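Student: Have a peek at final10.tsv (TSV, C-alpha atoms (C1' of nucleotides) and all ligand atoms).
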```tsv
chain	number	residue	atom	x	y	z
A	1	MET	CA	129.21	109.85	71.43
A	2	SER	CA	128.28	111.39	74.72
A	3	SER	CA	130.72	114.31	74.45
A	4	ALA	CA	128.52	115.73	71.71
A	5	LYS	CA	125.58	115.67	74.06
A	6	ILE	CA	127.62	117.32	76.78
A	7	ASN	CA	128.66	120.08	74.41
A	8	ALA	CA	125.11	120.62	73.28
A	9	ALA	CA	123.98	120.86	76.90
A	10	ILE	CA	126.73	123.34	77.68
A	11	ASP	CA	125.85	125.50	74.69
A	12	ASN	CA	122.26	125.42	75.84
A	13	LEU	CA	123.24	126.64	79.30
A	14	LYS	CA	125.56	129.34	77.95
A	15	GLU	CA	122.77	130.71	75.81
A	16	ALA	CA	120.58	130.87	78.91
A	17	GLY	CA	123.32	132.90	80.60
A	18	VAL	CA	124.41	130.16	83.00
A	19	ARG	CA	128.10	130.01	83.87
A	20	ILE	CA	129.83	126.72	83.29
A	21	THR	CA	131.72	126.03	86.49
A	22	PRO	CA	133.86	122.92	86.97
A	23	GLN	CA	131.22	121.54	89.31
A	24	ARG	CA	128.43	122.11	86.80
A	25	HIS	CA	130.46	120.52	84.05
A	26	ALA	CA	131.16	117.48	86.19
A	27	ILE	CA	127.56	117.04	87.28
A	28	LEU	CA	126.34	117.30	83.70
A	29	GLU	CA	129.03	114.92	82.51
A	30	HIS	CA	128.16	112.40	85.16
A	31	LEU	CA	124.46	112.59	84.34
A	32	ILE	CA	125.06	112.08	80.65
A	33	GLU	CA	127.78	109.45	80.83
A	34	SER	CA	126.29	107.36	83.61
A	35	MET	CA	123.33	106.59	81.36
A	36	SER	CA	121.25	106.01	84.45
A	37	HIS	CA	118.84	107.83	86.71
A	38	PRO	CA	120.99	108.86	89.68
A	39	THR	CA	119.90	110.53	92.88
A	40	ALA	CA	121.48	113.81	93.98
A	41	ASP	CA	123.42	111.92	96.60
A	42	GLU	CA	124.71	109.37	94.12
A	43	ILE	CA	126.03	112.21	91.98
A	44	TYR	CA	127.55	113.82	95.04
A	45	LYS	CA	129.34	110.62	96.02
A	46	ALA	CA	130.46	109.86	92.47
A	47	LEU	CA	132.18	113.24	92.27
A	48	GLU	CA	133.70	113.48	95.72
A	49	GLY	CA	136.98	112.08	94.41
A	50	LYS	CA	137.33	114.91	91.91
A	51	PHE	CA	135.69	117.56	94.13
A	52	PRO	CA	136.41	116.72	97.76
A	53	ASN	CA	135.06	120.07	98.92
A	54	MET	CA	131.89	120.19	96.86
A	55	SER	CA	128.79	120.76	98.94
A	56	VAL	CA	125.74	118.60	98.52
A	57	ALA	CA	123.82	121.86	98.18
A	58	THR	CA	125.77	122.54	95.00
A	59	VAL	CA	124.47	119.31	93.52
A	60	TYR	CA	120.89	120.17	94.42
A	61	ASN	CA	121.25	123.77	93.28
A	62	ASN	CA	122.63	122.80	89.92
A	63	LEU	CA	120.15	120.03	89.31
A	64	ARG	CA	117.52	122.71	89.77
A	65	VAL	CA	119.33	124.97	87.33
A	66	PHE	CA	119.50	122.18	84.78
A	67	LYS	CA	115.85	121.39	85.33
A	68	GLU	CA	114.86	124.99	84.73
A	69	ALA	CA	116.90	124.98	81.56
A	70	GLY	CA	115.03	121.89	80.42
A	71	LEU	CA	118.14	119.72	80.43
A	72	VAL	CA	117.03	117.21	83.03
A	73	LYS	CA	113.79	115.86	84.38
A	74	GLU	CA	113.17	115.01	87.98
A	75	LEU	CA	111.57	111.68	88.75
A	76	THR	CA	109.89	111.76	92.14
A	77	TYR	CA	109.00	108.82	94.29
A	78	GLY	CA	107.08	108.78	97.51
A	79	ASP	CA	109.45	107.56	100.13
A	80	SER	CA	112.93	107.86	98.74
A	81	SER	CA	115.04	110.42	96.88
A	82	SER	CA	114.28	112.02	93.57
A	83	ARG	CA	116.14	110.68	90.56
A	84	PHE	CA	117.31	112.71	87.61
A	85	ASP	CA	117.02	111.85	83.94
A	86	CYS	CA	118.98	113.67	81.26
A	87	VAL	CA	116.86	112.13	78.53
A	88	THR	CA	114.16	114.76	78.20
A	89	THR	CA	112.29	113.31	75.26
A	90	ASP	CA	109.05	111.62	76.27
A	91	HIS	CA	109.46	108.12	77.55
A	92	TYR	CA	108.20	105.89	80.32
A	93	HIS	CA	109.99	103.87	82.96
A	94	ILE	CA	109.79	100.36	84.24
A	95	ILE	CA	111.13	99.84	87.77
A	96	CYS	CA	112.31	96.69	89.47
A	97	ASP	CA	110.53	96.09	92.78
A	98	SER	CA	113.43	93.96	93.92
A	99	CYS	CA	116.60	95.95	93.11
A	100	GLY	CA	115.19	99.37	92.23
A	101	LYS	CA	116.66	99.50	88.73
A	102	ILE	CA	114.94	101.95	86.38
A	103	VAL	CA	114.80	101.14	82.67
A	104	ASP	CA	113.57	103.39	79.87
A	105	PHE	CA	110.70	102.18	77.83
A	106	HIS	CA	109.01	103.78	74.86
A	107	TYR	CA	105.33	103.74	74.13
A	108	PRO	CA	103.19	105.92	71.87
A	109	GLY	CA	101.65	107.97	74.69
A	110	LEU	CA	98.26	107.70	76.29
A	111	ASP	CA	96.33	110.38	74.43
A	112	GLU	CA	93.16	108.34	74.56
A	113	VAL	CA	93.24	108.10	78.35
A	114	GLU	CA	93.93	111.81	78.62
A	115	SER	CA	90.99	112.80	76.44
A	116	LEU	CA	88.64	110.42	78.19
A	117	ALA	CA	89.70	111.82	81.56
A	118	GLU	CA	89.11	115.31	80.25
A	119	SER	CA	85.58	114.59	79.12
A	120	VAL	CA	84.65	112.61	82.23
A	121	THR	CA	86.07	114.96	84.86
A	122	GLY	CA	85.87	118.35	83.22
A	123	PHE	CA	89.55	118.95	83.96
A	124	GLU	CA	91.73	120.64	81.39
A	125	VAL	CA	94.37	117.95	81.02
A	126	GLY	CA	98.01	118.94	80.82
A	127	ARG	CA	100.11	115.82	81.27
A	128	HIS	CA	100.23	112.43	82.81
A	129	ARG	CA	102.60	110.17	84.65
A	130	MET	CA	102.90	106.45	84.21
A	131	GLU	CA	105.34	103.85	85.46
A	132	ILE	CA	105.36	100.11	85.40
A	133	TYR	CA	106.66	98.01	88.27
A	134	GLY	CA	107.88	94.45	88.15
A	135	ILE	CA	110.92	92.19	88.49
A	136	CYS	CA	113.89	92.69	86.19
A	137	PRO	CA	115.49	89.79	84.30
A	138	GLU	CA	118.55	89.74	86.61
A	139	CYS	CA	116.45	89.55	89.76
A	140	LYS	CA	114.23	86.89	88.19
A	141	ARG	CA	117.29	84.70	87.63
A	142	LYS	CA	118.16	84.91	91.33
A	143	HIS	CA	114.68	83.51	92.11
B	1	MET	CA	75.39	104.37	103.46
B	2	SER	CA	78.90	104.74	104.78
B	3	SER	CA	78.21	103.05	108.14
B	4	ALA	CA	77.90	99.76	106.27
B	5	LYS	CA	81.35	100.27	104.86
B	6	ILE	CA	82.71	101.13	108.28
B	7	ASN	CA	81.22	97.98	109.74
B	8	ALA	CA	82.64	95.87	106.94
B	9	ALA	CA	86.05	97.39	107.52
B	10	ILE	CA	85.83	96.73	111.24
B	11	ASP	CA	84.80	93.12	110.70
B	12	ASN	CA	87.73	92.78	108.35
B	13	LEU	CA	90.11	94.07	111.00
B	14	LYS	CA	88.63	91.91	113.75
B	15	GLU	CA	89.11	88.83	111.62
B	16	ALA	CA	92.73	89.81	111.17
B	17	GLY	CA	93.05	90.00	114.94
B	18	VAL	CA	93.33	93.77	115.14
B	19	ARG	CA	91.78	95.46	118.15
B	20	ILE	CA	89.28	98.20	117.47
B	21	THR	CA	90.33	101.09	119.65
B	22	PRO	CA	88.44	104.38	119.72
B	23	GLN	CA	91.28	106.00	117.80
B	24	ARG	CA	91.22	103.32	115.12
B	25	HIS	CA	87.49	103.59	114.79
B	26	ALA	CA	87.68	107.36	114.41
B	27	ILE	CA	90.47	107.25	111.83
B	28	LEU	CA	88.60	104.67	109.78
B	29	GLU	CA	85.37	106.61	110.07
B	30	HIS	CA	87.05	109.81	108.96
B	31	LEU	CA	88.68	108.11	105.99
B	32	ILE	CA	85.43	106.59	104.84
B	33	GLU	CA	83.13	109.53	105.49
B	34	SER	CA	85.38	112.28	104.23
B	35	MET	CA	85.19	110.73	100.75
B	36	SER	CA	88.53	112.31	99.95
B	37	HIS	CA	92.22	111.48	99.96
B	38	PRO	CA	93.48	112.99	103.21
B	39	THR	CA	97.03	113.18	104.47
B	40	ALA	CA	97.98	111.74	107.86
B	41	ASP	CA	98.19	115.25	109.22
B	42	GLU	CA	94.75	116.18	107.89
B	43	ILE	CA	93.29	113.18	109.68
B	44	TYR	CA	95.19	114.11	112.83
B	45	LYS	CA	93.84	117.67	112.75
B	46	ALA	CA	90.31	116.56	111.89
B	47	LEU	CA	90.22	114.37	114.98
B	48	GLU	CA	91.95	116.59	117.51
B	49	GLY	CA	88.60	117.89	118.73
B	50	LYS	CA	87.47	114.38	119.66
B	51	PHE	CA	90.92	113.13	120.68
B	52	PRO	CA	92.90	116.04	122.07
B	53	ASN	CA	95.64	113.72	123.31
B	54	MET	CA	96.03	111.53	120.26
B	55	SER	CA	99.57	111.36	119.00
B	56	VAL	CA	100.36	111.88	115.34
B	57	ALA	CA	102.30	108.62	115.56
B	58	THR	CA	99.02	106.85	116.27
B	59	VAL	CA	97.64	108.10	112.98
B	60	TYR	CA	100.69	106.90	111.08
B	61	ASN	CA	100.79	103.59	112.92
B	62	ASN	CA	97.16	102.83	112.23
B	63	LEU	CA	97.27	103.91	108.62
B	64	ARG	CA	100.02	101.32	108.27
B	65	VAL	CA	97.87	98.72	110.02
B	66	PHE	CA	94.97	99.50	107.69
B	67	LYS	CA	97.27	99.33	104.70
B	68	GLU	CA	98.58	95.94	105.72
B	69	ALA	CA	94.99	94.75	106.12
B	70	GLY	CA	94.25	95.95	102.58
B	71	LEU	CA	91.75	98.56	103.76
B	72	VAL	CA	93.52	101.62	102.46
B	73	LYS	CA	95.99	102.45	99.76
B	74	GLU	CA	98.76	104.96	100.13
B	75	LEU	CA	99.22	107.48	97.34
B	76	THR	CA	102.74	108.83	97.33
B	77	TYR	CA	103.93	112.02	95.77
B	78	GLY	CA	107.43	113.30	95.43
B	79	ASP	CA	107.61	116.42	97.49
B	80	SER	CA	104.66	116.46	99.84
B	81	SER	CA	102.85	114.07	102.17
B	82	SER	CA	101.32	110.76	101.30
B	83	ARG	CA	97.57	110.64	100.87
B	84	PHE	CA	95.33	107.75	101.83
B	85	ASP	CA	92.51	106.26	99.83
B	86	CYS	CA	89.94	103.92	101.35
B	87	VAL	CA	88.65	102.95	97.92
B	88	THR	CA	90.81	99.95	97.23
B	89	THR	CA	89.24	98.85	93.98
B	90	ASP	CA	91.36	99.75	90.95
B	91	HIS	CA	90.95	103.28	89.77
B	92	TYR	CA	93.07	106.17	88.60
B	93	HIS	CA	93.36	109.76	89.77
B	94	ILE	CA	93.35	113.12	88.10
B	95	ILE	CA	95.04	115.88	90.08
B	96	CYS	CA	94.64	119.64	89.82
B	97	ASP	CA	97.97	121.41	89.33
B	98	SER	CA	96.46	124.57	90.74
B	99	CYS	CA	94.62	123.54	93.93
B	100	GLY	CA	95.85	119.98	94.48
B	101	LYS	CA	92.41	118.39	94.39
B	102	ILE	CA	92.42	114.66	93.63
B	103	VAL	CA	89.47	113.16	91.76
B	104	ASP	CA	88.80	109.49	91.09
B	105	PHE	CA	88.59	108.41	87.51
B	106	HIS	CA	87.84	105.00	86.08
B	107	TYR	CA	89.42	103.50	83.02
B	108	PRO	CA	89.68	99.92	81.82
B	109	GLY	CA	93.33	99.45	82.82
B	110	LEU	CA	96.40	99.49	80.70
B	111	ASP	CA	96.97	95.80	80.07
B	112	GLU	CA	98.28	96.48	76.61
B	113	VAL	CA	101.01	98.77	77.89
B	114	GLU	CA	101.95	96.28	80.56
B	115	SER	CA	102.32	93.40	78.13
B	116	LEU	CA	104.28	95.49	75.66
B	117	ALA	CA	106.62	96.60	78.45
B	118	GLU	CA	107.05	93.00	79.49
B	119	SER	CA	108.05	91.82	76.04
B	120	VAL	CA	110.32	94.78	75.35
B	121	THR	CA	112.18	94.88	78.65
B	122	GLY	CA	112.11	91.27	79.83
B	123	PHE	CA	110.69	92.36	83.17
B	124	GLU	CA	107.99	90.32	84.86
B	125	VAL	CA	105.36	93.01	85.19
B	126	GLY	CA	103.37	93.26	88.38
B	127	ARG	CA	101.52	96.56	88.39
B	128	HIS	CA	101.58	100.09	87.14
B	129	ARG	CA	100.87	103.57	88.31
B	130	MET	CA	99.22	106.30	86.31
B	131	GLU	CA	97.94	109.75	87.15
B	132	ILE	CA	96.73	112.60	85.05
B	133	TYR	CA	97.45	116.22	85.89
B	134	GLY	CA	95.54	119.28	84.77
B	135	ILE	CA	93.32	122.12	85.93
B	136	CYS	CA	90.03	121.36	87.62
B	137	PRO	CA	86.76	123.03	86.52
B	138	GLU	CA	86.67	125.29	89.61
B	139	CYS	CA	90.21	126.55	89.06
B	140	LYS	CA	89.51	127.06	85.35
B	141	ARG	CA	86.64	129.39	86.22
B	142	LYS	CA	88.94	131.55	88.32
B	143	HIS	CA	91.15	132.01	85.20
C	1	DT	C1'	144.55	146.24	85.83
C	2	DA	C1'	141.91	147.85	90.04
C	3	DG	C1'	137.56	148.16	91.81
C	4	DA	C1'	132.80	147.06	91.78
C	5	DC	C1'	129.28	144.16	90.91
C	6	DT	C1'	127.20	139.65	90.32
C	7	DA	C1'	126.94	134.78	90.52
C	8	DA	C1'	128.35	130.39	92.51
C	9	DT	C1'	130.04	127.59	96.09
C	10	DT	C1'	130.53	126.18	100.67
C	11	DA	C1'	129.39	125.04	105.48
C	12	DT	C1'	125.90	124.76	108.34
C	13	DA	C1'	121.39	125.26	110.22
C	14	DA	C1'	116.59	124.54	109.52
C	15	DC	C1'	112.60	122.20	107.78
C	16	DG	C1'	108.83	118.81	107.25
C	17	DA	C1'	107.29	114.19	106.87
C	18	DT	C1'	107.91	110.08	108.86
C	19	DT	C1'	109.76	106.51	111.98
C	20	DA	C1'	111.96	104.73	116.28
C	21	DT	C1'	112.07	104.48	121.16
C	22	DA	C1'	110.62	103.98	125.65
C	23	DA	C1'	107.28	104.63	129.14
C	24	DA	C1'	102.53	104.29	130.45
C	25	DG	C1'	97.92	102.65	129.65
C	26	DT	C1'	94.52	99.16	128.18
C	27	DA	C1'	92.59	94.90	127.01
C	28	DA	C1'	92.77	89.78	126.79
C	29	DT	C1'	94.12	85.61	129.04
C	30	DA	C1'	95.01	82.31	132.58
D	1	DT	C1'	94.20	88.77	140.29
D	2	DA	C1'	98.54	88.31	137.91
D	3	DT	C1'	100.57	87.86	133.55
D	4	DT	C1'	100.98	88.94	129.02
D	5	DA	C1'	100.56	91.20	124.70
D	6	DC	C1'	98.96	95.11	122.34
D	7	DT	C1'	98.27	100.13	121.89
D	8	DT	C1'	98.91	104.80	122.68
D	9	DT	C1'	101.54	108.64	123.91
D	10	DA	C1'	105.41	111.88	124.13
D	11	DT	C1'	109.53	112.72	122.40
D	12	DA	C1'	113.74	112.16	119.93
D	13	DA	C1'	115.84	110.82	115.73
D	14	DT	C1'	116.22	110.31	110.79
D	15	DC	C1'	116.43	111.58	106.00
D	16	DG	C1'	116.03	114.25	101.90
D	17	DT	C1'	115.96	118.76	100.79
D	18	DT	C1'	116.13	123.84	101.19
D	19	DA	C1'	117.51	128.35	103.36
D	20	DT	C1'	121.01	131.28	105.13
D	21	DA	C1'	125.12	133.68	105.39
D	22	DA	C1'	129.91	133.97	104.54
D	23	DT	C1'	133.45	133.24	101.17
D	24	DT	C1'	135.23	132.72	96.63
D	25	DA	C1'	135.33	133.33	91.74
D	26	DG	C1'	134.01	135.39	87.46
D	27	DT	C1'	132.65	139.46	84.69
D	28	DC	C1'	132.38	144.18	83.60
D	29	DT	C1'	133.78	148.77	83.34
D	30	DA	C1'	136.56	152.80	84.08
A	201	MN	MN	114.65	107.69	81.59
A	202	MN	MN	90.80	107.46	94.90
A	203	ZN	ZN	116.05	93.89	89.72
A	204	ZN	ZN	91.76	123.07	91.16
```
For this file, write the structure as C-alpha cells.
Tutor:
Amino acid sequence: MSSAKINAAIDNLKEAGVRITPQRHAILEHLIESMSHPTADEIYKALEGKFPNMSVATVYNNLRVFKEAGLVKELTYGDSSSRFDCVTTDHYHIICDSCGKIVDFHYPGLDEVESLAESVTGFEVGRHRMEIYGICPECKRKH
Amino acid sequence: MSSAKINAAIDNLKEAGVRITPQRHAILEHLIESMSHPTADEIYKALEGKFPNMSVATVYNNLRVFKEAGLVKELTYGDSSSRFDCVTTDHYHIICDSCGKIVDFHYPGLDEVESLAESVTGFEVGRHRMEIYGICPECKRKH
DNA sequence: TAGACTAATTATAACGATTATAAAGTAATA
DNA sequence: TATTACTTTATAATCGTTATAATTAGTCTA
C-alpha cells in the first residue's frame, strides 16, 4: 500500500524539520503513486489540475529538498531532463532507446569492477553508475 | 605517434565525403593530441589563438560530423557539458568527484549483466553505460 | 491573540549549453 | 566562368534549471 510509504516519507521529512505543505504532499504522493521516474515538468503538469498556481520552481525546489532528505534520487541524462526515483534502495535501470521507458532491474552490484578500477587507477572508489539500453518488449512488437 | 592517427582520421573522413577544412583539421588534431576528454568549449578556447574568428557553432557542428563518422564518442553528464573522446574502442571511465578528471579504464565488458537484464526484463539489449566515481590520487594527497 | 520571525511559494528574470537560422565565404563541378 | 553544394560565421532562439525578490503562510512567543 503506497499510503504507508507516503506516511513514512512524511515522518522522515518532519523529523528533518521540513514543513509538509500541500504542494510537498502532492509532489511526494505523485512520485510514490506514479511508480515511474518522472521529470520535474511531468510532475508539474500532472499536478496543475489540483494546483493551478503552483510554480515550476516549487517542483524543482522540493525535489531538491527531498533529495537532500534522502527520499528521492536524481537520474541525470545528457541531453534531456533529469528524472526522479523515489526508490532509494540500490538498483539499476534499463532504458528503451525507442520510447524512453525506464524499468528497474536488480543485480548484485559490481564490487569486482570497483575494486579492479581502484587498484588499476589509484582512485579511491566511492560509487558507480550503470544503465543498460535496448528495446522494450512493447516497442519490439511494433517492429 | 599521434600524426598517424590524425592521418587515419582524415582519410576516414575523406572517404565519407567530408571536406577537410582548416577548422576541422585543427579540432581533430586537438582532440587527438590533447589525450583528454575536452568539452566543446575547451576545444573552442584552445583554438582561438589559431582561429580568432572561429564560431563556437563550428566546433559543435564538426563534433557532430566526427561523431556521425564514428571518429569520436560523446560522453554526456547530467548537469554540465558533454565531453568528447577520440578513443572509440570500448573502454570505461573513472571520474574524480573532487577535480572532475576523467581517466580511461579497461575492463572485459559486462556481458553477464546484459544477458541477465535481457532475460529478466524482456528487453532486447543493445549496449550499456558504466562509470566509476571516486577521488583521484592527486586529490587524495591534498586531503 | 497580536506581533515578529521564519520558511515556502510564486512570478519572473537570468543562466549556460546547445541548436537553428540566415548571410557570406569557399571549394568542387560543369 | 557560372553554377552548385558545402562550410563557416554571427546571432538569435531554445530548453532545462536556478536565482531573485515580493508575497503568503506557518510558527513562536509575549
Ligand atoms: Mn528506479
Ligand atoms: Mn576515454
Ligand atoms: Zn519502448
Ligand atoms: Zn581529482
Student: As AutoDock Vina command-line options, please report the centre and edge lengths, rounded to one decimal in Å, of the axis-aligned box that holds all listed atoms of stretch 124-135 of chain B with 4 Å of padding on each of the six sides.
Tutor:
```
--center_x 100.7 --center_y 106.2 --center_z 86.6 --size_x 22.7 --size_y 39.8 --size_z 11.6
```
Student: Could I get chain A fitted onto chain B (least squares, all C-alpha atoms, in order) as an mmCIF file with C-alpha atoms, in the coordinates of the input?
Tutor:
```cif
data_model
loop_
_atom_site.group_PDB
_atom_site.id
_atom_site.type_symbol
_atom_site.label_atom_id
_atom_site.label_comp_id
_atom_site.auth_asym_id
_atom_site.auth_seq_id
_atom_site.Cartn_x
_atom_site.Cartn_y
_atom_site.Cartn_z
ATOM 1 C CA MET A 1 75.383 104.428 103.446
ATOM 2 C CA SER A 2 78.871 104.806 104.768
ATOM 3 C CA SER A 3 78.163 103.140 108.126
ATOM 4 C CA ALA A 4 77.849 99.844 106.281
ATOM 5 C CA LYS A 5 81.306 100.323 104.870
ATOM 6 C CA ILE A 6 82.666 101.192 108.287
ATOM 7 C CA ASN A 7 81.156 98.048 109.755
ATOM 8 C CA ALA A 8 82.558 95.927 106.978
ATOM 9 C CA ALA A 9 86.000 97.433 107.548
ATOM 10 C CA ILE A 10 85.757 96.788 111.269
ATOM 11 C CA ASP A 11 84.717 93.180 110.738
ATOM 12 C CA ASN A 12 87.651 92.804 108.400
ATOM 13 C CA LEU A 13 90.049 94.100 111.044
ATOM 14 C CA LYS A 14 88.534 91.961 113.805
ATOM 15 C CA GLU A 15 88.998 88.863 111.701
ATOM 16 C CA ALA A 16 92.646 89.819 111.244
ATOM 17 C CA GLY A 17 92.947 90.028 115.032
ATOM 18 C CA VAL A 18 93.239 93.816 115.190
ATOM 19 C CA ARG A 19 91.684 95.532 118.195
ATOM 20 C CA ILE A 20 89.202 98.265 117.470
ATOM 21 C CA THR A 21 90.271 101.162 119.650
ATOM 22 C CA PRO A 22 88.398 104.474 119.711
ATOM 23 C CA GLN A 23 91.256 106.055 117.791
ATOM 24 C CA ARG A 24 91.191 103.366 115.113
ATOM 25 C CA HIS A 25 87.447 103.661 114.783
ATOM 26 C CA ALA A 26 87.679 107.416 114.389
ATOM 27 C CA ILE A 27 90.460 107.281 111.822
ATOM 28 C CA LEU A 28 88.580 104.704 109.774
ATOM 29 C CA GLU A 29 85.367 106.682 110.059
ATOM 30 C CA HIS A 30 87.062 109.849 108.951
ATOM 31 C CA LEU A 31 88.673 108.127 105.979
ATOM 32 C CA ILE A 32 85.404 106.631 104.835
ATOM 33 C CA GLU A 33 83.118 109.579 105.492
ATOM 34 C CA SER A 34 85.409 112.301 104.202
ATOM 35 C CA MET A 35 85.216 110.739 100.746
ATOM 36 C CA SER A 36 88.559 112.293 99.958
ATOM 37 C CA HIS A 37 92.231 111.431 99.955
ATOM 38 C CA PRO A 38 93.518 112.952 103.201
ATOM 39 C CA THR A 39 97.074 113.131 104.443
ATOM 40 C CA ALA A 40 98.006 111.697 107.839
ATOM 41 C CA ASP A 41 98.234 115.209 109.186
ATOM 42 C CA GLU A 42 94.822 116.172 107.864
ATOM 43 C CA ILE A 43 93.346 113.180 109.668
ATOM 44 C CA TYR A 44 95.251 114.114 112.793
ATOM 45 C CA LYS A 45 93.928 117.671 112.718
ATOM 46 C CA ALA A 46 90.380 116.603 111.878
ATOM 47 C CA LEU A 47 90.290 114.403 114.973
ATOM 48 C CA GLU A 48 92.056 116.613 117.478
ATOM 49 C CA GLY A 49 88.717 117.946 118.706
ATOM 50 C CA LYS A 50 87.536 114.467 119.647
ATOM 51 C CA PHE A 51 90.990 113.175 120.669
ATOM 52 C CA PRO A 52 93.017 116.077 122.037
ATOM 53 C CA ASN A 53 95.729 113.738 123.288
ATOM 54 C CA MET A 54 96.081 111.534 120.234
ATOM 55 C CA SER A 55 99.629 111.327 118.955
ATOM 56 C CA VAL A 56 100.417 111.836 115.314
ATOM 57 C CA ALA A 57 102.314 108.553 115.551
ATOM 58 C CA THR A 58 99.011 106.833 116.265
ATOM 59 C CA VAL A 59 97.647 108.100 112.972
ATOM 60 C CA TYR A 60 100.684 106.863 111.072
ATOM 61 C CA ASN A 61 100.757 103.557 112.930
ATOM 62 C CA ASN A 62 97.132 102.835 112.237
ATOM 63 C CA LEU A 63 97.254 103.880 108.619
ATOM 64 C CA ARG A 64 99.980 101.279 108.286
ATOM 65 C CA VAL A 65 97.811 98.714 110.032
ATOM 66 C CA PHE A 66 94.926 99.485 107.708
ATOM 67 C CA LYS A 67 97.222 99.302 104.718
ATOM 68 C CA GLU A 68 98.488 95.892 105.752
ATOM 69 C CA ALA A 69 94.922 94.736 106.155
ATOM 70 C CA GLY A 70 94.190 95.915 102.631
ATOM 71 C CA LEU A 71 91.694 98.531 103.775
ATOM 72 C CA VAL A 72 93.496 101.590 102.475
ATOM 73 C CA LYS A 73 95.974 102.411 99.768
ATOM 74 C CA GLU A 74 98.759 104.899 100.111
ATOM 75 C CA LEU A 75 99.221 107.415 97.337
ATOM 76 C CA THR A 76 102.762 108.749 97.322
ATOM 77 C CA TYR A 77 103.963 111.953 95.790
ATOM 78 C CA GLY A 78 107.480 113.212 95.467
ATOM 79 C CA ASP A 79 107.667 116.337 97.509
ATOM 80 C CA SER A 80 104.688 116.376 99.801
ATOM 81 C CA SER A 81 102.871 113.995 102.145
ATOM 82 C CA SER A 82 101.346 110.675 101.281
ATOM 83 C CA ARG A 83 97.586 110.580 100.869
ATOM 84 C CA PHE A 84 95.337 107.713 101.824
ATOM 85 C CA ASP A 85 92.492 106.229 99.824
ATOM 86 C CA CYS A 86 89.916 103.914 101.354
ATOM 87 C CA VAL A 87 88.630 102.930 97.934
ATOM 88 C CA THR A 88 90.792 99.903 97.239
ATOM 89 C CA THR A 89 89.231 98.807 93.983
ATOM 90 C CA ASP A 90 91.348 99.699 90.967
ATOM 91 C CA HIS A 91 90.962 103.239 89.793
ATOM 92 C CA TYR A 92 93.066 106.133 88.596
ATOM 93 C CA HIS A 93 93.355 109.711 89.765
ATOM 94 C CA ILE A 94 93.323 113.074 88.126
ATOM 95 C CA ILE A 95 95.013 115.860 90.103
ATOM 96 C CA CYS A 96 94.601 119.598 89.853
ATOM 97 C CA ASP A 97 97.927 121.381 89.358
ATOM 98 C CA SER A 98 96.412 124.537 90.768
ATOM 99 C CA CYS A 99 94.580 123.504 93.969
ATOM 100 C CA GLY A 100 95.824 119.949 94.487
ATOM 101 C CA LYS A 101 92.390 118.328 94.421
ATOM 102 C CA ILE A 102 92.412 114.603 93.646
ATOM 103 C CA VAL A 103 89.465 113.103 91.772
ATOM 104 C CA ASP A 104 88.801 109.427 91.095
ATOM 105 C CA PHE A 105 88.573 108.349 87.539
ATOM 106 C CA HIS A 106 87.846 104.940 86.095
ATOM 107 C CA TYR A 107 89.440 103.451 83.042
ATOM 108 C CA PRO A 108 89.690 99.857 81.833
ATOM 109 C CA GLY A 109 93.344 99.395 82.812
ATOM 110 C CA LEU A 110 96.437 99.478 80.679
ATOM 111 C CA ASP A 111 97.021 95.787 80.047
ATOM 112 C CA GLU A 112 98.329 96.476 76.577
ATOM 113 C CA VAL A 113 101.039 98.812 77.853
ATOM 114 C CA GLU A 114 102.007 96.312 80.522
ATOM 115 C CA SER A 115 102.409 93.439 78.081
ATOM 116 C CA LEU A 116 104.341 95.546 75.616
ATOM 117 C CA ALA A 117 106.681 96.678 78.388
ATOM 118 C CA GLU A 118 107.147 93.075 79.410
ATOM 119 C CA SER A 119 108.140 91.931 75.951
ATOM 120 C CA VAL A 120 110.384 94.922 75.261
ATOM 121 C CA THR A 121 112.260 95.014 78.567
ATOM 122 C CA GLY A 122 112.220 91.420 79.709
ATOM 123 C CA PHE A 123 110.810 92.483 83.076
ATOM 124 C CA GLU A 124 108.147 90.396 84.739
ATOM 125 C CA VAL A 125 105.479 93.058 85.106
ATOM 126 C CA GLY A 126 103.512 93.280 88.324
ATOM 127 C CA ARG A 127 101.637 96.571 88.338
ATOM 128 C CA HIS A 128 101.649 100.085 87.100
ATOM 129 C CA ARG A 129 100.926 103.574 88.288
ATOM 130 C CA MET A 130 99.249 106.285 86.298
ATOM 131 C CA GLU A 131 97.937 109.727 87.141
ATOM 132 C CA ILE A 132 96.702 112.582 85.065
ATOM 133 C CA TYR A 133 97.424 116.203 85.902
ATOM 134 C CA GLY A 134 95.499 119.248 84.808
ATOM 135 C CA ILE A 135 93.263 122.098 85.967
ATOM 136 C CA CYS A 136 89.965 121.318 87.662
ATOM 137 C CA PRO A 137 86.702 122.975 86.589
ATOM 138 C CA GLU A 138 86.623 125.233 89.687
ATOM 139 C CA CYS A 139 90.146 126.513 89.122
ATOM 140 C CA LYS A 140 89.432 127.013 85.419
ATOM 141 C CA ARG A 141 86.534 129.310 86.312
ATOM 142 C CA LYS A 142 88.857 131.487 88.399
ATOM 143 C CA HIS A 143 91.034 131.954 85.281
#
```
Student: Residues of chain D within 9 Å of chain B, counting all atoms listed in the file, what are they? List them as a list in words.
Tutor: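 Residues satisfying the distance criterion: DC6, DT7, DT8, DT9 and DA10 of chain D.
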Student: So which residues touch C:DC5 within 10 Å, counting all atoms listed in the file, skipping near sequence neighbours fewer than 4 positions away, as JSON, numbers by chain?
Tutor: {"D": [27, 28, 29]}
Student: For a quick test of understanding: name the residues of chain A lying within 8 Å of chain B when counting all atoms listed in the file, and present them as an NGL selection string.
Tutor: :A and (76-79 or 82 or 94 or 96 or 103 or 105 or 107 or 113-114 or 117 or 120-137 or 140)
Student: Hey, list the chain C side of the contact with chain A: 9 Å cut-off, only C-alpha atoms (C1' of nucleotides), answer as a count of residues only.
Tutor: 5
